[in-house]
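A.B. asks: The structure file run-v7.cif (mmCIF, C-alpha atoms, pLDDT in the B column; chains and numbers go by the auth columns) is provided below.
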data_entry
loop_
_atom_site.group_PDB
_atom_site.id
_atom_site.type_symbol
_atom_site.label_atom_id
_atom_site.label_comp_id
_atom_site.label_asym_id
_atom_site.label_seq_id
_atom_site.Cartn_x
_atom_site.Cartn_y
_atom_site.Cartn_z
_atom_site.B_iso_or_equiv
_atom_site.auth_seq_id
_atom_site.auth_asym_id
ATOM 1 C CA MET A 1 8.157 -13.445 -17.437 50.00 224 A
ATOM 2 C CA GLY A 2 6.668 -15.586 -14.667 59.00 225 A
ATOM 3 C CA GLY A 3 7.817 -13.268 -11.872 65.00 226 A
ATOM 4 C CA GLU A 4 6.609 -10.153 -13.657 67.00 227 A
ATOM 5 C CA LEU A 5 3.286 -11.798 -14.491 68.00 228 A
ATOM 6 C CA ASP A 6 2.841 -12.766 -10.838 71.00 229 A
ATOM 7 C CA ASP A 7 3.493 -9.139 -9.855 69.00 230 A
ATOM 8 C CA VAL A 8 0.917 -7.910 -12.372 73.00 231 A
ATOM 9 C CA ARG A 9 -1.640 -10.386 -11.029 78.00 232 A
ATOM 10 C CA ALA A 10 -0.927 -9.270 -7.455 75.00 233 A
ATOM 11 C CA TRP A 11 -1.390 -5.605 -8.443 74.00 234 A
ATOM 12 C CA ALA A 12 -4.657 -6.440 -10.222 80.00 235 A
ATOM 13 C CA ALA A 13 -5.887 -8.319 -7.157 82.00 236 A
ATOM 14 C CA GLY A 14 -4.985 -5.335 -4.978 81.00 237 A
ATOM 15 C CA LEU A 15 -6.859 -2.950 -7.257 85.00 238 A
ATOM 16 C CA GLY A 16 -9.905 -5.223 -7.132 87.00 239 A
ATOM 17 C CA GLU A 17 -9.766 -5.497 -3.361 88.00 240 A
ATOM 18 C CA LEU A 18 -9.596 -1.714 -2.886 89.00 241 A
ATOM 19 C CA HIS A 19 -12.607 -1.325 -5.155 90.00 242 A
ATOM 20 C CA GLU A 20 -14.651 -4.120 -3.542 93.00 243 A
ATOM 21 C CA GLU A 21 -14.098 -2.769 -0.026 91.00 244 A
ATOM 22 C CA GLY A 22 -15.070 0.740 -1.160 89.00 245 A
ATOM 23 C CA THR A 23 -11.724 2.367 -0.373 88.00 246 A
ATOM 24 C CA ALA A 24 -10.799 3.567 -3.867 90.00 247 A
ATOM 25 C CA LEU A 25 -11.173 2.930 -7.563 89.00 248 A
ATOM 26 C CA LEU A 26 -7.653 2.976 -9.003 88.00 249 A
ATOM 27 C CA GLY A 27 -6.607 1.980 -12.486 86.00 250 A
ATOM 28 C CA PRO A 28 -3.565 0.098 -13.713 84.00 251 A
ATOM 29 C CA ALA A 29 -0.758 2.107 -15.298 85.00 252 A
ATOM 30 C CA ARG A 30 2.753 1.727 -16.678 84.00 253 A
ATOM 31 C CA LEU A 31 5.351 4.428 -16.153 83.00 254 A
ATOM 32 C CA ASP A 32 8.847 4.065 -17.566 87.00 255 A
ATOM 33 C CA GLY A 33 8.168 0.356 -18.120 83.00 256 A
ATOM 34 C CA ARG A 34 7.127 -0.246 -14.505 79.00 257 A
ATOM 35 C CA HIS A 35 3.683 -1.328 -13.339 75.00 258 A
ATOM 36 C CA GLY A 36 1.775 0.980 -11.080 78.00 259 A
ATOM 37 C CA MET A 37 -1.613 2.402 -10.218 81.00 260 A
ATOM 38 C CA ARG A 38 -3.324 5.554 -11.394 86.00 261 A
ATOM 39 C CA SER A 39 -5.625 7.713 -9.359 86.00 262 A
ATOM 40 C CA CYS A 40 -7.854 10.487 -10.665 86.00 263 A
ATOM 41 C CA VAL A 41 -9.307 12.622 -7.891 89.00 264 A
ATOM 42 C CA THR A 42 -12.265 14.685 -9.088 89.00 265 A
ATOM 43 C CA ASN A 43 -14.249 15.242 -5.895 91.00 266 A
ATOM 44 C CA TYR A 44 -13.445 18.633 -4.389 93.00 267 A
ATOM 45 C CA ARG A 45 -14.247 17.232 -0.915 95.00 268 A
ATOM 46 C CA THR A 46 -11.325 14.770 -1.097 93.00 269 A
ATOM 47 C CA THR A 47 -8.943 15.432 1.785 93.00 270 A
ATOM 48 C CA ARG A 48 -5.353 14.580 2.561 91.00 271 A
ATOM 49 C CA ASP A 49 -6.693 11.985 5.028 92.00 272 A
ATOM 50 C CA ASP A 50 -8.555 10.284 2.154 92.00 273 A
ATOM 51 C CA ILE A 51 -5.338 10.024 0.123 91.00 274 A
ATOM 52 C CA GLU A 52 -3.381 8.785 3.154 90.00 275 A
ATOM 53 C CA LEU A 53 -6.041 6.096 3.718 91.00 276 A
ATOM 54 C CA ILE A 54 -5.491 4.828 0.167 90.00 277 A
ATOM 55 C CA ILE A 55 -1.706 4.802 0.588 88.00 278 A
ATOM 56 C CA ASN A 56 -1.988 2.994 3.925 88.00 279 A
ATOM 57 C CA ARG A 57 -4.318 0.347 2.446 88.00 280 A
ATOM 58 C CA LEU A 58 -1.926 -0.147 -0.483 84.00 281 A
ATOM 59 C CA SER A 59 0.893 -0.675 1.996 83.00 282 A
ATOM 60 C CA ASP A 60 -1.228 -3.176 3.960 85.00 283 A
ATOM 61 C CA LEU A 61 -2.068 -5.099 0.786 81.00 284 A
ATOM 62 C CA ALA A 62 1.577 -5.158 -0.294 77.00 285 A
ATOM 63 C CA ARG A 63 2.556 -6.649 3.074 79.00 286 A
ATOM 64 C CA GLN A 64 -0.178 -9.286 2.780 78.00 287 A
ATOM 65 C CA HIS A 65 0.863 -10.295 -0.732 69.00 288 A
ATOM 66 C CA HIS A 66 4.635 -9.913 -0.509 65.00 289 A
ATOM 67 C CA GLY A 67 5.565 -10.062 3.161 59.00 290 A
ATOM 68 C CA GLN A 68 7.865 -7.208 4.128 49.00 291 A
ATOM 69 C CA VAL A 69 7.531 -3.912 2.275 49.00 292 A
ATOM 70 C CA GLY A 70 10.918 -2.358 1.700 52.00 293 A
ATOM 71 C CA GLY A 71 11.839 1.028 0.364 51.00 294 A
ATOM 72 C CA ALA A 72 9.531 3.965 -0.028 52.00 295 A
ATOM 73 C CA VAL A 73 6.201 4.500 -1.679 52.00 296 A
ATOM 74 C CA GLU A 74 6.798 6.402 -4.905 55.00 297 A
ATOM 75 C CA VAL A 75 4.104 8.879 -5.899 54.00 298 A
ATOM 76 C CA ALA A 76 4.135 10.519 -9.319 51.00 299 A
ATOM 77 C CA LEU A 77 2.076 13.686 -9.626 47.00 300 A
#
Translate the structure of the given file into structure tokens.
C.D. replies:
Amino acid sequence: MGGELDDVRAWAAGLGELHEEGTALLGPARLDGRHGMRSCVTNYRTTRDDIELIINRLSDLARQHHGQVGGAVEVAL
């Protein structure tokens, strides 16, 4: 479980970093046994640009923690 635990720690660090920098407050989630992040948008002034900023920062953090990001970002609505 070492590899999976490292991934969970990296996700938790990413969530903390997004919160500390003021970009977003996301929560941890599991979907079909996979680790992920959950967002709950309740502000009616939230725009597509706001959501894209979060996705771009997540991509940046993934590159910092894991080098190359392969594949696509999967969004579950």
A.B. asks: Kindly indicate which residue among A:Ile278, A:Gly239, A:Arg286, A:Asp229 lies nearest to Pro251 (chain A), using all atoms listed in the file for the distances.
C.D. replies: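 Once distances to Pro251 (chain A) are computed over all atoms listed in the file, the minimum belongs to A:Gly239.
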A.B. asks: Could you spell out the hits of the PyMOL selection byres ((chain A and resi 252) around 12) on the shown file, as a ChimeraX atom specification?
C.D. replies: /A:231,234-235,238,249-251,253-263,299
A.B. asks: Starting from the shown file, work through the PyMOL selection byres ((chain A and resi 241) around 12) and note down what comes out as a short mmCIF file (atom, residue, chain, number, x, y, z; two decimals) with C-alpha atoms, in the frame of the given file.
C.D. replies:
data_model
loop_
_atom_site.label_atom_id
_atom_site.label_comp_id
_atom_site.auth_asym_id
_atom_site.auth_seq_id
_atom_site.Cartn_x
_atom_site.Cartn_y
_atom_site.Cartn_z
CA TRP A 234 -1.39 -5.60 -8.44
CA ALA A 235 -4.66 -6.44 -10.22
CA ALA A 236 -5.89 -8.32 -7.16
CA GLY A 237 -4.99 -5.34 -4.98
CA LEU A 238 -6.86 -2.95 -7.26
CA GLY A 239 -9.90 -5.22 -7.13
CA GLU A 240 -9.77 -5.50 -3.36
CA HIS A 242 -12.61 -1.32 -5.16
CA GLU A 243 -14.65 -4.12 -3.54
CA GLU A 244 -14.10 -2.77 -0.03
CA GLY A 245 -15.07 0.74 -1.16
CA THR A 246 -11.72 2.37 -0.37
CA ALA A 247 -10.80 3.57 -3.87
CA LEU A 248 -11.17 2.93 -7.56
CA LEU A 249 -7.65 2.98 -9.00
CA GLY A 250 -6.61 1.98 -12.49
CA MET A 260 -1.61 2.40 -10.22
CA LEU A 276 -6.04 6.10 3.72
CA ILE A 277 -5.49 4.83 0.17
CA ILE A 278 -1.71 4.80 0.59
CA ASN A 279 -1.99 2.99 3.92
CA ARG A 280 -4.32 0.35 2.45
CA LEU A 281 -1.93 -0.15 -0.48
CA SER A 282 0.89 -0.68 2.00
CA ASP A 283 -1.23 -3.18 3.96
CA LEU A 284 -2.07 -5.10 0.79
CA ALA A 285 1.58 -5.16 -0.29
#
A.B. asks: Please enclose the listed atoms of region 247-251 of chain A in an axis-aligned box, pad each side by 4 Å, and write out the centre and the three edge lengths in Å, rounded to one decimal, as JSON.
C.D. replies:
{"center_x": -7.4, "center_y": 1.8, "center_z": -8.8, "size_x": 15.6, "size_y": 11.5, "size_z": 17.8}
